[in-house]
Structure formats: C-alpha cells, structure tokens
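Enquirer: File follows, model-v2.tsv with TSV, C-alpha atoms:
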chain	number	residue	atom	x	y	z
A	207	HIS	CA	-59.12	-11.03	28.62
A	208	ASN	CA	-56.55	-13.83	28.60
A	209	LEU	CA	-53.33	-13.57	30.56
A	210	PRO	CA	-50.42	-13.03	28.10
A	211	LYS	CA	-48.38	-16.17	27.68
A	212	ILE	CA	-45.16	-14.76	29.09
A	213	LEU	CA	-46.71	-14.22	32.51
A	214	ILE	CA	-47.85	-17.78	33.04
A	215	MET	CA	-45.67	-20.40	34.74
A	216	LYS	CA	-44.60	-23.09	32.27
A	217	ILE	CA	-47.11	-25.93	32.25
A	218	SER	CA	-45.90	-28.53	29.76
A	219	ILE	CA	-42.82	-30.21	28.31
A	220	MET	CA	-42.60	-31.26	24.68
A	221	SER	CA	-42.61	-35.01	24.11
A	222	THR	CA	-40.46	-36.60	21.45
A	223	ARG	CA	-43.38	-38.69	20.27
A	224	LEU	CA	-44.61	-37.75	16.81
A	225	ALA	CA	-48.05	-36.53	17.89
A	226	ALA	CA	-46.69	-34.33	20.69
A	227	ALA	CA	-43.98	-32.91	18.44
A	228	MET	CA	-46.68	-31.42	16.24
A	229	MET	CA	-48.72	-29.83	19.05
A	230	MET	CA	-48.66	-26.23	20.26
A	231	TRP	CA	-48.18	-25.50	23.95
A	232	ARG	CA	-51.24	-23.64	25.21
A	233	SER	CA	-52.26	-21.72	28.33
A	234	SER	CA	-55.44	-19.89	29.30
A	235	THR	CA	-55.36	-18.27	32.73
A	236	ALA	CA	-57.80	-15.37	33.13
A	237	PHE	CA	-57.00	-11.92	34.51
A	238	THR	CA	-58.43	-8.45	34.80
A	239	GLY	CA	-56.21	-5.69	33.41
A	240	VAL	CA	-56.23	-2.00	34.17
A	241	VAL	CA	-56.16	0.52	31.33
A	242	ARG	CA	-53.53	3.20	31.79
A	243	LYS	CA	-52.05	5.75	29.45
A	244	ASN	CA	-48.97	4.33	27.74
A	245	SER	CA	-45.90	6.12	29.13
A	246	PHE	CA	-43.27	3.46	28.54
A	247	ALA	CA	-40.86	4.10	25.69
A	248	ILE	CA	-40.60	1.19	23.24
A	249	ARG	CA	-37.20	0.38	21.83
A	250	SER	CA	-38.06	-2.47	19.49
A	251	ASN	CA	-36.12	-3.76	16.50
A	252	THR	CA	-39.28	-5.30	15.07
A	253	VAL	CA	-42.20	-3.26	13.76
A	254	ARG	CA	-44.94	-5.25	12.11
A	255	ARG	CA	-47.38	-3.66	9.72
A	256	MET	CA	-50.22	-5.20	7.77
A	257	ALA	CA	-48.96	-6.14	4.32
A	258	ALA	CA	-50.93	-6.51	1.11
A	259	MET	CA	-53.22	-9.53	1.27
A	260	PRO	CA	-52.01	-12.59	-0.70
A	261	HIS	CA	-55.58	-13.44	-1.82
A	262	ASP	CA	-58.90	-11.74	-2.45
A	263	GLU	CA	-60.88	-10.78	0.65
A	264	ASP	CA	-63.40	-13.64	0.31
A	265	LYS	CA	-60.56	-16.21	0.13
A	266	MET	CA	-58.55	-14.89	3.08
A	267	PRO	CA	-60.44	-16.97	5.70
A	268	TYR	CA	-59.08	-20.15	4.05
A	269	TYR	CA	-55.59	-18.69	3.96
A	270	THR	CA	-55.98	-17.86	7.64
A	271	LEU	CA	-56.92	-21.49	8.33
A	272	GLY	CA	-53.62	-22.54	6.78
A	273	VAL	CA	-51.73	-20.05	8.91
A	274	ASN	CA	-53.45	-21.34	12.02
A	275	LEU	CA	-52.65	-24.98	11.19
A	276	ALA	CA	-49.01	-24.05	10.63
A	277	ARG	CA	-48.84	-22.29	13.98
A	278	GLN	CA	-50.32	-25.30	15.75
A	279	MET	CA	-47.51	-27.41	14.32
A	280	GLY	CA	-44.89	-24.96	15.54
A	281	GLY	CA	-44.54	-23.12	12.25
A	282	GLN	CA	-43.45	-19.84	13.86
A	283	THR	CA	-40.66	-21.22	15.99
A	284	ASN	CA	-38.81	-24.49	16.32
A	285	PHE	CA	-40.55	-26.65	13.67
A	286	LYS	CA	-39.20	-24.53	10.84
A	287	THR	CA	-35.70	-25.02	12.26
A	288	LEU	CA	-36.06	-28.81	12.37
A	289	VAL	CA	-36.23	-29.31	8.60
A	290	ASP	CA	-34.51	-27.68	5.64
A	291	ASP	CA	-36.37	-26.33	2.60
A	292	ASP	CA	-36.24	-29.58	0.63
A	293	GLU	CA	-37.48	-31.58	3.63
A	294	LEU	CA	-40.23	-29.05	4.20
A	295	GLU	CA	-41.49	-29.63	0.65
A	296	ILE	CA	-41.78	-33.36	1.43
A	297	VAL	CA	-43.62	-32.54	4.67
A	298	LEU	CA	-46.08	-30.37	2.73
A	299	ASP	CA	-46.48	-33.09	0.11
A	300	GLY	CA	-47.53	-35.59	2.78
A	301	PHE	CA	-49.77	-33.03	4.48
A	302	CYS	CA	-51.59	-32.07	1.27
A	303	ALA	CA	-51.96	-35.68	0.11
A	304	SER	CA	-53.46	-36.67	3.45
A	305	MET	CA	-55.82	-33.68	3.51
A	306	ARG	CA	-57.01	-34.46	-0.02
A	307	GLY	CA	-57.20	-38.22	0.50
A	308	THR	CA	-54.74	-38.83	-2.35
A	309	GLU	CA	-51.86	-40.35	-0.37
A	310	LEU	CA	-50.03	-43.20	-2.12
A	311	VAL	CA	-49.26	-45.00	1.14
A	312	SER	CA	-51.47	-45.64	4.14
A	313	GLY	CA	-50.96	-43.03	6.85
A	314	ASP	CA	-51.10	-45.67	9.58
A	315	GLU	CA	-48.56	-47.79	7.72
A	316	ALA	CA	-46.23	-44.82	7.28
A	317	LEU	CA	-46.47	-43.87	10.95
A	318	GLN	CA	-45.80	-47.42	12.08
A	319	LYS	CA	-42.83	-47.91	9.76
A	320	TYR	CA	-41.24	-44.46	9.79
A	321	GLY	CA	-42.53	-42.89	13.01
A	322	PRO	CA	-39.60	-44.11	15.14
A	323	ALA	CA	-37.09	-42.71	12.65
A	324	LEU	CA	-38.93	-39.40	12.63
A	325	ASN	CA	-38.97	-39.26	16.43
A	326	LYS	CA	-35.21	-39.82	16.47
A	327	ILE	CA	-34.63	-37.05	13.91
A	328	ILE	CA	-36.81	-34.61	15.85
A	329	GLN	CA	-35.13	-35.43	19.15
A	330	GLU	CA	-31.58	-35.13	17.80
A	331	ARG	CA	-32.22	-31.89	15.95
A	332	SER	CA	-34.20	-30.38	18.83
A	333	GLU	CA	-31.34	-31.01	21.24
A	334	GLY	CA	-28.90	-29.32	18.88
A	335	ILE	CA	-31.19	-26.33	18.44
A	336	ASN	CA	-31.72	-25.96	22.19
A	337	ASP	CA	-27.96	-25.93	22.80
A	338	ARG	CA	-27.47	-23.25	20.13
A	339	ILE	CA	-30.28	-21.09	21.50
A	340	LYS	CA	-28.88	-21.32	25.03
A	341	LYS	CA	-25.40	-20.36	23.76
A	342	GLU	CA	-26.86	-17.35	21.96
A	343	GLY	CA	-28.52	-16.32	25.22
A	344	GLU	CA	-25.29	-16.56	27.20
A	345	ASP	CA	-23.44	-14.55	24.54
A	346	TYR	CA	-26.16	-11.90	24.64
A	347	ILE	CA	-25.94	-11.63	28.41
A	348	SER	CA	-22.14	-11.34	28.32
A	349	ASN	CA	-22.33	-8.56	25.74
A	350	PHE	CA	-25.08	-6.74	27.68
A	351	MET	CA	-23.03	-6.84	30.89
A	352	GLU	CA	-19.97	-5.47	29.06
A	353	CYS	CA	-21.99	-2.61	27.56
A	354	ASN	CA	-23.89	-1.74	30.76
A	355	GLU	CA	-21.52	-1.43	33.70
A	356	GLU	CA	-24.33	-0.73	36.16
A	357	ALA	CA	-26.12	-3.98	35.33
A	358	ILE	CA	-25.91	-6.71	37.98
A	359	ARG	CA	-26.17	-10.47	37.65
A	360	THR	CA	-27.69	-12.22	40.65
A	361	ASP	CA	-26.74	-15.62	42.03
A	362	SER	CA	-29.63	-17.17	40.07
A	363	GLY	CA	-28.29	-15.83	36.76
A	364	LEU	CA	-30.86	-13.03	36.36
A	365	VAL	CA	-29.57	-9.78	34.86
A	366	TYR	CA	-31.06	-6.65	36.46
A	367	TYR	CA	-30.44	-3.20	35.01
A	368	CYS	CA	-32.13	-0.18	36.60
A	369	MET	CA	-33.29	2.32	33.98
A	370	THR	CA	-35.20	4.65	36.36
A	371	GLU	CA	-35.00	4.35	40.13
A	372	GLY	CA	-38.42	4.15	41.76
A	373	THR	CA	-39.34	5.94	44.96
A	374	GLY	CA	-42.44	4.06	46.07
A	375	LYS	CA	-43.21	0.75	47.69
A	376	GLN	CA	-41.07	-2.31	46.92
A	377	PRO	CA	-43.08	-5.49	46.27
A	378	ALA	CA	-42.74	-8.86	47.94
A	379	VAL	CA	-43.43	-12.08	46.04
A	380	SER	CA	-46.70	-12.34	47.98
A	381	ASP	CA	-47.95	-8.99	46.58
A	382	SER	CA	-49.86	-8.20	43.40
A	383	VAL	CA	-48.40	-5.61	41.04
A	384	GLU	CA	-49.47	-3.43	38.13
A	385	VAL	CA	-46.88	-3.10	35.39
A	386	HIS	CA	-46.13	-2.31	31.79
A	387	TYR	CA	-43.67	-4.64	30.06
A	388	HIS	CA	-42.07	-5.18	26.67
A	389	GLY	CA	-40.67	-8.67	26.03
A	390	THR	CA	-38.22	-9.65	23.29
A	391	LEU	CA	-36.03	-12.54	22.30
A	392	VAL	CA	-32.29	-11.85	22.11
A	393	ASP	CA	-32.60	-11.17	18.37
A	394	GLY	CA	-35.04	-8.33	19.07
A	395	THR	CA	-38.21	-10.22	18.11
A	396	VAL	CA	-41.15	-8.98	20.19
A	397	PHE	CA	-43.07	-11.93	21.65
A	398	ASP	CA	-45.33	-10.08	24.08
A	399	SER	CA	-45.85	-6.45	25.07
A	400	SER	CA	-48.43	-4.72	27.22
A	401	VAL	CA	-46.88	-1.51	25.92
A	402	GLU	CA	-47.86	-2.31	22.34
A	403	ARG	CA	-51.36	-3.23	23.52
A	404	GLY	CA	-51.57	0.08	25.37
A	405	GLN	CA	-52.84	-1.61	28.52
A	406	THR	CA	-51.08	-2.33	31.80
A	407	ILE	CA	-51.52	-5.66	33.54
A	408	SER	CA	-52.08	-6.56	37.18
A	409	PHE	CA	-51.19	-9.99	38.59
A	410	PRO	CA	-49.95	-11.81	41.72
A	411	LEU	CA	-46.15	-11.72	41.56
A	412	GLY	CA	-45.91	-15.23	42.96
A	413	GLN	CA	-47.69	-16.70	39.94
A	414	VAL	CA	-45.28	-15.64	37.20
A	415	ILE	CA	-41.97	-16.96	35.89
A	416	ALA	CA	-39.05	-17.08	38.33
A	417	GLY	CA	-37.12	-14.29	36.58
A	418	TRP	CA	-40.05	-11.94	37.10
A	419	GLN	CA	-40.55	-12.95	40.73
A	420	GLU	CA	-36.95	-12.07	41.50
A	421	GLY	CA	-36.52	-9.07	39.20
A	422	VAL	CA	-39.74	-7.17	39.90
A	423	ALA	CA	-39.16	-7.67	43.64
A	424	LEU	CA	-35.97	-5.61	43.24
A	425	MET	CA	-37.93	-2.63	41.87
A	426	LYS	CA	-39.90	0.16	43.55
A	427	GLU	CA	-43.08	1.86	42.40
A	428	GLY	CA	-42.34	4.37	39.65
A	429	GLY	CA	-39.21	2.52	38.58
A	430	LYS	CA	-38.22	1.05	35.22
A	431	ALA	CA	-35.78	-1.79	34.73
A	432	THR	CA	-34.45	-4.26	32.20
A	433	LEU	CA	-34.67	-7.92	33.21
A	434	ILE	CA	-32.80	-10.57	31.24
A	435	CYS	CA	-33.96	-14.06	32.16
A	436	PRO	CA	-31.93	-17.14	31.17
A	437	SER	CA	-34.12	-20.03	30.09
A	438	ASP	CA	-34.09	-21.73	33.51
A	439	LEU	CA	-35.70	-18.58	34.96
A	440	ALA	CA	-38.22	-18.40	32.10
A	441	TYR	CA	-39.68	-21.34	30.14
A	442	GLY	CA	-36.75	-23.75	30.13
A	443	GLU	CA	-36.74	-26.73	27.79
A	444	ALA	CA	-40.45	-26.40	27.03
A	445	GLY	CA	-40.59	-22.91	25.58
A	446	SER	CA	-44.02	-21.33	25.36
A	447	GLY	CA	-46.57	-21.58	22.59
A	448	THR	CA	-45.51	-20.56	19.11
A	449	THR	CA	-43.52	-17.52	20.20
A	450	ILE	CA	-40.81	-18.60	22.66
A	451	PRO	CA	-38.54	-21.48	21.60
A	452	PRO	CA	-37.11	-24.01	24.07
A	453	GLY	CA	-33.99	-22.77	25.84
A	454	ALA	CA	-34.66	-19.11	25.01
A	455	THR	CA	-33.21	-16.24	27.02
A	456	LEU	CA	-35.79	-13.46	27.39
A	457	LYS	CA	-35.35	-9.71	27.77
A	458	PHE	CA	-38.00	-7.52	29.41
A	459	GLU	CA	-38.28	-3.81	29.94
A	460	VAL	CA	-40.58	-3.39	32.92
A	461	GLU	CA	-42.23	-0.32	34.48
A	462	LEU	CA	-43.72	-0.83	37.94
A	463	PHE	CA	-46.78	1.37	38.54
A	464	GLU	CA	-48.28	0.03	41.73
A	465	VAL	CA	-47.86	-2.58	44.45
A	466	LYS	CA	-51.20	-3.88	45.67
Please express the file's structure as structure tokens.
Expert:
Amino acid sequence: HNLPKILIMKISIMSTRLAAAMMMWRSSTAFTGVVRKNSFAIRSNTVRRMAAMPHDEDKMPYYTLGVNLARQMGGQTNFKTLVDDDELEIVLDGFCASMRGTELVSGDEALQKYGPALNKIIQERSEGINDRIKKEGEDYISNFMECNEEAIRTDSGLVYYCMTEGTGKQPAVSDSVEVHYHGTLVDGTVFDSSVERGQTISFPLGQVIAGWQEGVALMKEGGKATLICPSDLAYGEAGSGTTIPPGATLKFEVELFEVK
C-alpha cells in the first residue's frame, strides 16, 4: 500500500518557473495498514458515483491518459483557477498543436519570448488565490467555533472538538497509532478518507502533519474528534498533490482505535 497523501509531511514547494508550475507534487512513503470493520459515521457533502462513460470501452484508455495528463498539470486544483475559460482554450490550443507537431511557432522560441510573462502571471494569480483560500479557511473556523461552543482553539491555531470522549491510553508524539479518519476541504470536498476505503491506518504520530501531531495527542483510545488544521499546520504554501490547494484549511474527523 501507499501512505495516503494527507498523512505525509509536506516535501516540496511550488516554483514559479514555468516547468515547475506544471508539475504535480508527489509522495510515496510506504506503510502497512490494519483492516478493521468500519464503525466511523461519514458525514460527507460529496458522494461520487461512476457516471456514464464519455467514450466506448475500447477508447476509454486514451481518455484516461488525457485525464492523467491534466491532473499532472494541476487540473483538479489550482491550475484551473489560474486561467479563465477563454484562456484555457488557448492553453489547449497550444497543447494540442505541440502534441500533434502542428504548432505555428517554435516551442523553444515561445518559451524564451513569453515564458517570463507567463511566470509573472502565474505568480501574481497564485498569490491572490492563496490569500483567498486562507481567508475562506479563517471564516470557516470562525463559523465552526460559533456553532460548536465546546470546541477549543489551541495556541497554535488548531481547532479541537471532542465528538466522543475516549477512555483508553492517550498517545505521545513518539507513539504509533491506529486510526480511522475522514478529511475534507472547507467546502466539503473529500480529499482523503480511510473510512471510505474501509481500512484503518497505523503510523508513527511524529511523522505526520503538525495539526495531527497536536490533535491526536489530545485524544484517548476509543475517542472521536474533529480536527481543523489551518494551512500552517497542514501543507502550507505548497499544498499536496492534485487534491489539496496551497493555503488550504483542512478538516478531519478522527477515531483513535489504539496507541502502540
């Protein structure tokens, strides 16, 4: 198995150079999970079901290649917010022309002449997007605190809300733990969930994001809690892969099964 992206410490920061702007952040730390009956209630705003296929079965592998290329260029998250629909059509025009070898201008010439302008556009728009995403996170936290009087906000900015008080052992950062978790963005989009996979996960608590190190250490075995991690306790300015944008505040519902 591969360790789900949300449980890995951030490992890279996006460069404003053209090549780096088109790359997907990746991570590949191994782990061994423990199968356990799913007992954690999911309260998700997003339910994804397989839709009708856009092409015949024998053509779907090529469609899938296109989907994969789009994801590698950030198609699921921040890239689609960097350009409007008209600009996206121009991007696709250049992409298709280059793939087919029918471009009307040399790719090297275009990069040399227009690359700096593109870098500037990406940097300026990315900064604006990051600020907006951070503001949305702060607004979400403020609303959550108003609606949940028992929630606490620690000195670090982490929001901790106990859903079920545990009665067992309380972990230290040096311990390993077995948990179920359900992670969403503030708009309800599910980015990672052991609950949906139907499989708990075990990991050293000291090797995960700061919000988890602090929040899970406040729990006891048998307990359930909501953790809301501002971006500086999660993936910061880098985001993670194609699922978590830079500056994102993350919400987790966590059930602690065992401290090891």
Enquirer: Please report, as a Markdown table, each residue of segment 434-463 of chain A lying at most 7 Å from segment 333-353 of chain A, together with the nearest pair of atoms and the separation in Å rounded to one decimal; use only C-alpha atoms, and order rows by chain and ascending residue number.
Expert:
| residue | atom | partner | partner_atom | distance |
| --- | --- | --- | --- | --- |
| A:Pro436 | CA | A:Gly343 | CA | 6.9 |
| A:Pro452 | CA | A:Asn336 | CA | 6.0 |
| A:Gly453 | CA | A:Asn336 | CA | 5.4 |
| A:Ala454 | CA | A:Ile339 | CA | 6.0 |
| A:Thr455 | CA | A:Gly343 | CA | 5.0 |
Enquirer: What lies within 12 Å of Lys375 of chain A using only C-alpha atoms, ignoring chain neighbours under 4 positions off, as a PyMOL selection string?
Expert: chain A and resi 371+381-383+422-429+462-466
Enquirer: Can you pull out the residues contacting Ser380 of chain A? Cut-off 7 Å, using only C-alpha atoms, and skip same-chain residues under 2 positions away; I want them as a PDB file with C-alpha atoms, keeping the file's coordinate frame.
Expert:
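Resulting contents of result-v7.pdb:
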ATOM      1  CA  ALA A 378     -42.740  -8.860  47.940  1.00  0.00           C
ATOM      2  CA  SER A 382     -49.860  -8.200  43.400  1.00  0.00           C
ATOM      3  CA  LEU A 411     -46.150 -11.720  41.560  1.00  0.00           C
ATOM      4  CA  GLY A 412     -45.910 -15.230  42.960  1.00  0.00           C
TER       5      GLY A 412
END
Enquirer: Could you tell me which of A:Ile450, A:Ala431, A:Leu271, A:Met305 comes closest to Glu356 of chain A if we count only C-alpha atoms?
Expert: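 Smallest distance to Glu356 of chain A is found for A:Ala431.
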Enquirer: For Gln413 of chain A, which residue out of A:Cys302, A:Val379, A:Ala357, A:Val392 is the nearest one, using only C-alpha atoms?
Expert: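 Selected residue with least distance to Gln413 of chain A: A:Val379.
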Enquirer: As a PyMOL selection string, please: the residues near Tyr441 of chain A (cut-off 8 Å, only C-alpha atoms, same-chain neighbours under 2 positions excluded).
Expert: chain A and resi 215-216+415+437-439+443-446+452-454
Enquirer: Using all atoms of segment 289-297 of chain A listed in the file and a margin of 3 Å per side, can you give the axis-aligned box centre and edge lengths in Å to one decimal, as lines of an AutoDock Vina configuration file?
Expert:
center_x = -39.1
center_y = -29.8
center_z = 4.6
size_x = 15.1
size_y = 13.0
size_z = 14.0
Enquirer: Between atom CA of Asn274 of chain A and atom CA of Glu295 of chain A, what is the spacing in Å?
Expert: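 Separation between atom CA of Glu295 of chain A and atom CA of Asn274 of chain A: 18.5 Å.
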Enquirer: Name the closest residue to Glu384 of chain A among the candidates A:Gln278, A:Thr270, A:Ser408, A:Thr370; distances are taken between atoms, counting only C-alpha atoms.
Expert: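 Of all the options, A:Ser408 lies closest to Glu384 of chain A.
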Enquirer: Would you mind reading off the distance between atom CA of Tyr387 of chain A and atom CA of Thr406 of chain A, one decimal, in Å?
Expert: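 Separation of atom CA of Tyr387 of chain A and atom CA of Thr406 of chain A: 8.0 Å.
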Enquirer: What does the structure give for the distance between atom CA of Leu294 of chain A and atom CA of Gly321 of chain A, in Å to one decimal?
Expert: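 These two atoms are separated by 16.6 Å.
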Enquirer: A:Ala258, A:Phe458, A:Gly442, A:Thr448: which is nearest Arg277 of chain A, counting all atoms listed in the file?
Expert: A:Thr448
Enquirer: Which of these, A:Met279, A:Gln318, A:Val365, A:Val273, has the shortest distance to Gly447 of chain A once you count all atoms listed in the file?
Expert: A:Met279
Enquirer: Please determine, counting all atoms listed in the file, which residue among A:His386, A:Val289, A:Leu456, A:Gly417 has the shortest atom-to-atom distance to Gly404 of chain A.
Expert: A:His386
Enquirer: Could you please give me, as a list of chain:residue names, the residues of protein, DNA or RNA lying at most 12 Å from (-38.0, -35.7, 4.5) in the coordinate frame of the file, considering only C-alpha atoms?
Expert: A:Leu288, A:Val289, A:Asp290, A:Asp291, A:Asp292, A:Glu293, A:Leu294, A:Glu295, A:Ile296, A:Val297, A:Leu298, A:Asp299, A:Gly300, A:Tyr320, A:Ala323, A:Leu324, A:Ile327, A:Ile328
